[in-house]
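Structure record follows, encoded as structure tokens.
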Amino acid sequence: MKVLVIGSGGRCHAIVEALGRSSEVDKIYCAPGNAGIAQSAECVPIADNDIEALCDFARRHEIDLTVVGPEISLAAGVVDRFKQENLRIFGPTKAAAQIESSKDFAKRLMVKYGIPTAAYATFTDYDQAVAYVRSQPLPAVLKYDGLAAGKGVVIAQSYDEAEQTLRDMLVDDRFGQGRVVIEEYLQGEEFSLMCFVSGRDVYPMPVAQDHKRAFDGDEGPNTGGMGAYTELPFITDDDLAFAMERIMRPTAEALAAEGTPFCGVLYGGLMKTERGVKVIEFNARFGDPETEVVLPRLKSDAYRLMCDIADGRKTSAEWSSEATLGIVLASKGYPGSYAKGAEIRGVESVDGAVYHMGTAVCDSRLVTNGGRVMIVVCSAPTLAEARDKARAEVEKIGCDNLFHRSDIGDKAFKNRK
Ligand code: AMP
Ligand code: GLY
């Protein structure tokens with residue numbers, strides 16, 4: 001069987017590796033891929049939002065299954081286009097992907113179907129938004145309504161900061177269309193629950209926790225994710241049952257009932273608050289870097305599973321009981337400006353998985369080529385062992401221009417009750 005994976009980051013690399021373990025898969029293409037992915041798949045220079053070129057490629061190469069990585073491809077309508085052509089694709093339609101691409105759509109759906117989330121109001125008018133914010137307690141959670149590459153959420157600690165942010169989002173149109181969701185501030189431990197969803201059928205993956213801030217102790221600016229792990233001791237079986245029965249399943253049901261059935265990975269960004277588990281956000285795709293720590297635990301055949309989901313057949317997903325932990329190596333300066341082209345050494349000596357995020361090969365040397373550069377993932381019977389192993393293995397990578405957090409996974413031990 002021939003597979004096409006759309007995307008280029010660490011998430012995509014992990015998807016390619018999972019598909020590569022399938023006994024049914026003979027050939028994997030990746031568009032556009034990266035230097036690490038190129039070791040396991042044939043990279044083709046097609047951009048992830050060039051829908052016509054992707055569709056044309058899939059048709060000409062008789063691709064049996066296309067798997068979509070990034071939200072930008074979904075929002076561009078790649079799934080709708082492939083379906084028109086009767087090409088099998090794993091991912092939601094543009095309409096169903098609004099659960100991620102529009103905060104307002106997601107919030108309205110949750111309120112209508114009683115899915116627990118922070119209270120909110122939506123605004124397009126600056127004066128009304130400011131008046132509302134000033135009537136609410138601080139901090140204020142301001143979310144730009146649209147895809148903003150992880151930069152659309154501001155937690156304002158003062159009314160002045162809130163006003164400036166609203167001006168950026170609503171008056172100066174720094175983000176685009178100018179609609180803002182203002183939310184109640186929730187407190188608690190965040191975790192990610194990704195599920196394979198086909199209409200009303202929902203199959204959970206192991207829960208994971210991302211680390212969004214750049215520096216140790218959750219300090220510094222938000223990033224695309226500096227590390228993740230699976231096996232969260234502070235999430236109980238009851239929390240998980242609640243998240244599945246009150247959040248993930250009802251959301252899949254709601255999307256189906258609204259005439260926009262979901263197919264693909266529904267990602268719940270959840271928070272365990274004092275008043276139960278609530279939704280912070282939904283994504284319509286595999287999470288990054290959660291996928292890099294979750295998919296290595298998949299024991300079922302990834303190709304079969306994704307075909308079943310794409311075709312709407314009942315299926316099953318089995319997972320190993322090992323814990324996993326991944327540490328991201330990022331370019332110094334990230335998420336601000338950073339240099340590219342620094343040589344990376346020692347990758348081959350790592351005892352674990354290394355998924356490339358932003359690398360390139362230059363004069364047959366592996367070099368940095370992005371903000372987040374790679375993630376080292378180790379697995380072990382316990383989380384403590386996986387953490388210790390990942391911390392040791394990450395040191396084997398030599399590069400003058402990389403940094404990483406040294407506290408990935410520590411929250412699991414602090415929060416143990
Ligand atoms: P999002 O892009 O929606 O995931 O938001 C980015 C981050 O902002 C989340 O991971 C949370 O840490 C934080 N956040 C978002 N919404 C809230 C909220 N209602 N209360 C507290 N923190 C939030
Ligand atoms: N890990 C957060 C995301 O994938 O959006």
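The chains in the structure tokens are called A, B, ... from first to last as shown; in each chain the residues are counted from 1, and the ligands are counted from 1 in the order shown.
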
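Every protein or nucleic acid residue with an atom no more than 8 Å from segment 75-90 of chain A, counting only C-alpha atoms and leaving out same-chain residues fewer than 3 positions away, appears here: Asn49, Ile51, Cys55, Ala58, Arg59, Ile63, Asp64, Leu65, Thr66, Val67, Val68, Glu71, Ile72, Thr93, Lys94, Ala97, Gln98, Ser101, Cys263, Gly264, Met306, Cys307, Ile309, Ala310 and Asp311 of chain A.
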
Spatial neighbours of segment 356-366 of chain A, max dist 6 Å, only C-alpha atoms, sep filter under 4 positions, as a list in words | Gly9, Gly10, Ala35, Gly36, Glu343, Ile344, Gly370, Arg372, Val373 and Met374 of chain A

So that I can see what lies close to Leu4 of chain A, please list as a compact mmCIF listing (two decimals) with N, CA, C and O atoms, in the first residue's frame the residues with an atom at most 6 Å from it, counting only C-alpha atoms and leaving out residues fewer than 3 positions away in the same chain.
```
# COMPACT_ATOMS: atom_id res chain seq x y z
N ILE A 28 6.01 5.15 1.58
CA ILE A 28 5.46 6.36 2.20
C ILE A 28 6.06 7.59 1.51
O ILE A 28 7.28 7.69 1.36
N TYR A 29 5.17 8.49 1.11
CA TYR A 29 5.59 9.80 0.61
C TYR A 29 5.26 10.82 1.69
O TYR A 29 4.29 10.65 2.43
N CYS A 30 6.03 11.88 1.74
CA CYS A 30 5.72 12.95 2.68
C CYS A 30 5.86 14.29 1.98
O CYS A 30 6.86 14.56 1.32
N THR A 66 -4.12 9.00 2.50
CA THR A 66 -3.41 10.25 2.80
C THR A 66 -3.73 10.64 4.23
O THR A 66 -4.88 10.58 4.65
```

Residues within 12 Å of Ala131 of chain A, only C-alpha atoms, excluding chain neighbours under 2 positions, as a ChimeraX atom specification | /A:123,125-129,133-136,159,162-163,166,182

Go ahead and save the residues from that selection, with all heavy atoms, as a compact mmCIF listing (two decimals), in the first residue's frame.
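Result saved to part-v7.txt:
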```txt
# COMPACT_ATOMS: atom_id res chain seq x y z
N PHE A 123 -16.97 38.94 20.84
CA PHE A 123 -17.09 40.37 20.46
C PHE A 123 -16.43 40.66 19.12
O PHE A 123 -15.39 40.08 18.79
CB PHE A 123 -16.40 41.26 21.51
CG PHE A 123 -17.05 41.18 22.86
CD1 PHE A 123 -16.62 40.24 23.79
CD2 PHE A 123 -18.10 42.02 23.18
CE1 PHE A 123 -17.24 40.15 25.03
CE2 PHE A 123 -18.72 41.93 24.42
CZ PHE A 123 -18.29 41.00 25.35
N ASP A 125 -16.89 44.21 18.38
CA ASP A 125 -16.82 45.65 18.64
C ASP A 125 -15.86 45.93 19.79
O ASP A 125 -16.01 45.40 20.89
CB ASP A 125 -18.22 46.18 18.98
CG ASP A 125 -18.19 47.67 19.21
OD1 ASP A 125 -18.15 48.41 18.22
OD2 ASP A 125 -18.15 48.10 20.39
N TYR A 126 -14.90 46.80 19.53
CA TYR A 126 -13.85 47.10 20.51
C TYR A 126 -14.41 47.69 21.80
O TYR A 126 -14.09 47.23 22.90
CB TYR A 126 -12.83 48.05 19.87
CG TYR A 126 -11.80 48.59 20.83
CD1 TYR A 126 -10.77 47.78 21.30
CD2 TYR A 126 -11.87 49.91 21.27
CE1 TYR A 126 -9.83 48.28 22.20
CE2 TYR A 126 -10.94 50.42 22.16
CZ TYR A 126 -9.92 49.60 22.62
OH TYR A 126 -9.01 50.08 23.51
N ASP A 127 -15.29 48.69 21.69
CA ASP A 127 -15.80 49.36 22.90
C ASP A 127 -16.59 48.39 23.77
O ASP A 127 -16.47 48.38 24.99
CB ASP A 127 -16.68 50.56 22.51
CG ASP A 127 -15.83 51.67 21.88
OD1 ASP A 127 -14.68 51.84 22.33
OD2 ASP A 127 -16.32 52.32 20.94
N GLN A 128 -17.41 47.57 23.12
CA GLN A 128 -18.18 46.59 23.90
C GLN A 128 -17.27 45.58 24.58
O GLN A 128 -17.49 45.17 25.72
CB GLN A 128 -19.16 45.84 22.97
CG GLN A 128 -20.36 46.70 22.59
CD GLN A 128 -21.27 46.00 21.58
OE1 GLN A 128 -21.09 44.82 21.29
NE2 GLN A 128 -22.22 46.73 21.05
N ALA A 129 -16.23 45.16 23.85
CA ALA A 129 -15.29 44.19 24.41
C ALA A 129 -14.57 44.77 25.63
O ALA A 129 -14.43 44.11 26.67
CB ALA A 129 -14.28 43.75 23.35
N VAL A 133 -14.71 43.35 29.44
CA VAL A 133 -13.50 42.94 30.16
C VAL A 133 -13.39 43.67 31.49
O VAL A 133 -13.08 43.08 32.52
CB VAL A 133 -12.25 43.21 29.29
CG1 VAL A 133 -11.01 43.44 30.14
CG2 VAL A 133 -11.97 42.02 28.37
N ARG A 134 -13.69 44.97 31.47
CA ARG A 134 -13.56 45.77 32.69
C ARG A 134 -14.57 45.36 33.76
O ARG A 134 -14.39 45.66 34.93
CB ARG A 134 -13.69 47.25 32.37
CG ARG A 134 -12.45 47.77 31.63
CD ARG A 134 -12.24 49.26 31.83
NE ARG A 134 -10.95 49.70 31.30
CZ ARG A 134 -9.85 49.84 32.04
NH1 ARG A 134 -9.86 49.58 33.33
NH2 ARG A 134 -8.72 50.24 31.48
N SER A 135 -15.63 44.66 33.34
CA SER A 135 -16.63 44.20 34.32
C SER A 135 -16.30 42.82 34.87
O SER A 135 -17.00 42.30 35.73
CB SER A 135 -18.02 44.14 33.65
OG SER A 135 -18.07 43.03 32.75
N GLN A 136 -15.23 42.21 34.35
CA GLN A 136 -14.87 40.85 34.75
C GLN A 136 -13.61 40.86 35.60
O GLN A 136 -12.79 41.78 35.50
CB GLN A 136 -14.60 40.00 33.50
CG GLN A 136 -15.79 39.85 32.57
CD GLN A 136 -16.91 39.05 33.19
OE1 GLN A 136 -16.68 37.98 33.74
NE2 GLN A 136 -18.13 39.57 33.12
N TYR A 159 -6.00 45.48 33.20
CA TYR A 159 -6.99 45.96 32.24
C TYR A 159 -6.31 46.70 31.09
O TYR A 159 -6.78 46.65 29.96
CB TYR A 159 -8.02 46.83 32.96
CG TYR A 159 -8.90 46.02 33.90
CD1 TYR A 159 -8.93 46.28 35.26
CD2 TYR A 159 -9.67 44.96 33.41
CE1 TYR A 159 -9.72 45.51 36.13
CE2 TYR A 159 -10.45 44.19 34.26
CZ TYR A 159 -10.47 44.47 35.62
OH TYR A 159 -11.23 43.70 36.45
N ALA A 162 -5.18 44.14 28.69
CA ALA A 162 -6.36 43.60 27.99
C ALA A 162 -6.80 44.56 26.89
O ALA A 162 -7.10 44.13 25.76
CB ALA A 162 -7.49 43.36 28.99
N GLU A 163 -6.82 45.84 27.20
CA GLU A 163 -7.25 46.82 26.20
C GLU A 163 -6.32 46.86 25.01
O GLU A 163 -6.75 46.92 23.86
CB GLU A 163 -7.32 48.23 26.82
CG GLU A 163 -8.63 48.46 27.52
CD GLU A 163 -8.83 49.90 27.94
OE1 GLU A 163 -8.29 50.81 27.27
OE2 GLU A 163 -9.54 50.10 28.94
N LEU A 166 -6.94 43.84 22.91
CA LEU A 166 -8.19 43.96 22.15
C LEU A 166 -8.01 44.92 20.98
O LEU A 166 -8.57 44.70 19.90
CB LEU A 166 -9.32 44.43 23.06
CG LEU A 166 -9.80 43.38 24.07
CD1 LEU A 166 -10.76 43.99 25.09
CD2 LEU A 166 -10.49 42.21 23.35
N ILE A 182 -13.80 36.17 24.77
CA ILE A 182 -13.27 36.50 26.10
C ILE A 182 -13.78 35.45 27.08
O ILE A 182 -14.98 35.20 27.15
CB ILE A 182 -13.69 37.91 26.54
CG1 ILE A 182 -13.23 38.94 25.49
CG2 ILE A 182 -13.12 38.23 27.93
CD1 ILE A 182 -13.55 40.38 25.84
```

Env. residues ligand 2 / 9 Å / only C-alpha atoms and all ligand atoms / as a PyMOL selection string | chain A and resi 11+149-150+192+209-212+224-225+228+267+269+281-283+285-291

When the cut-off is 6 Å and you count only C-alpha atoms and all ligand atoms, which residues lie near ligand 1, shown as a PyMOL selection string?
-> chain A and resi 118+141+150+153+183-187+280-281

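Among the candidate residues A:Ala339, A:Ala386, A:Ala47, A:Leu109, the one lying nearest to Gly33 of chain A is A:Ala47, with distances computed using only C-alpha atoms.
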
Can you tell me, as a ChimeraX atom specification, what residues are no more than 7 Å from segment 318-324 of chain A when counting only C-alpha atoms, ignoring any on the same chain fewer than 6 positions away?
-> /A:229-231,293,297-300,377-383,386
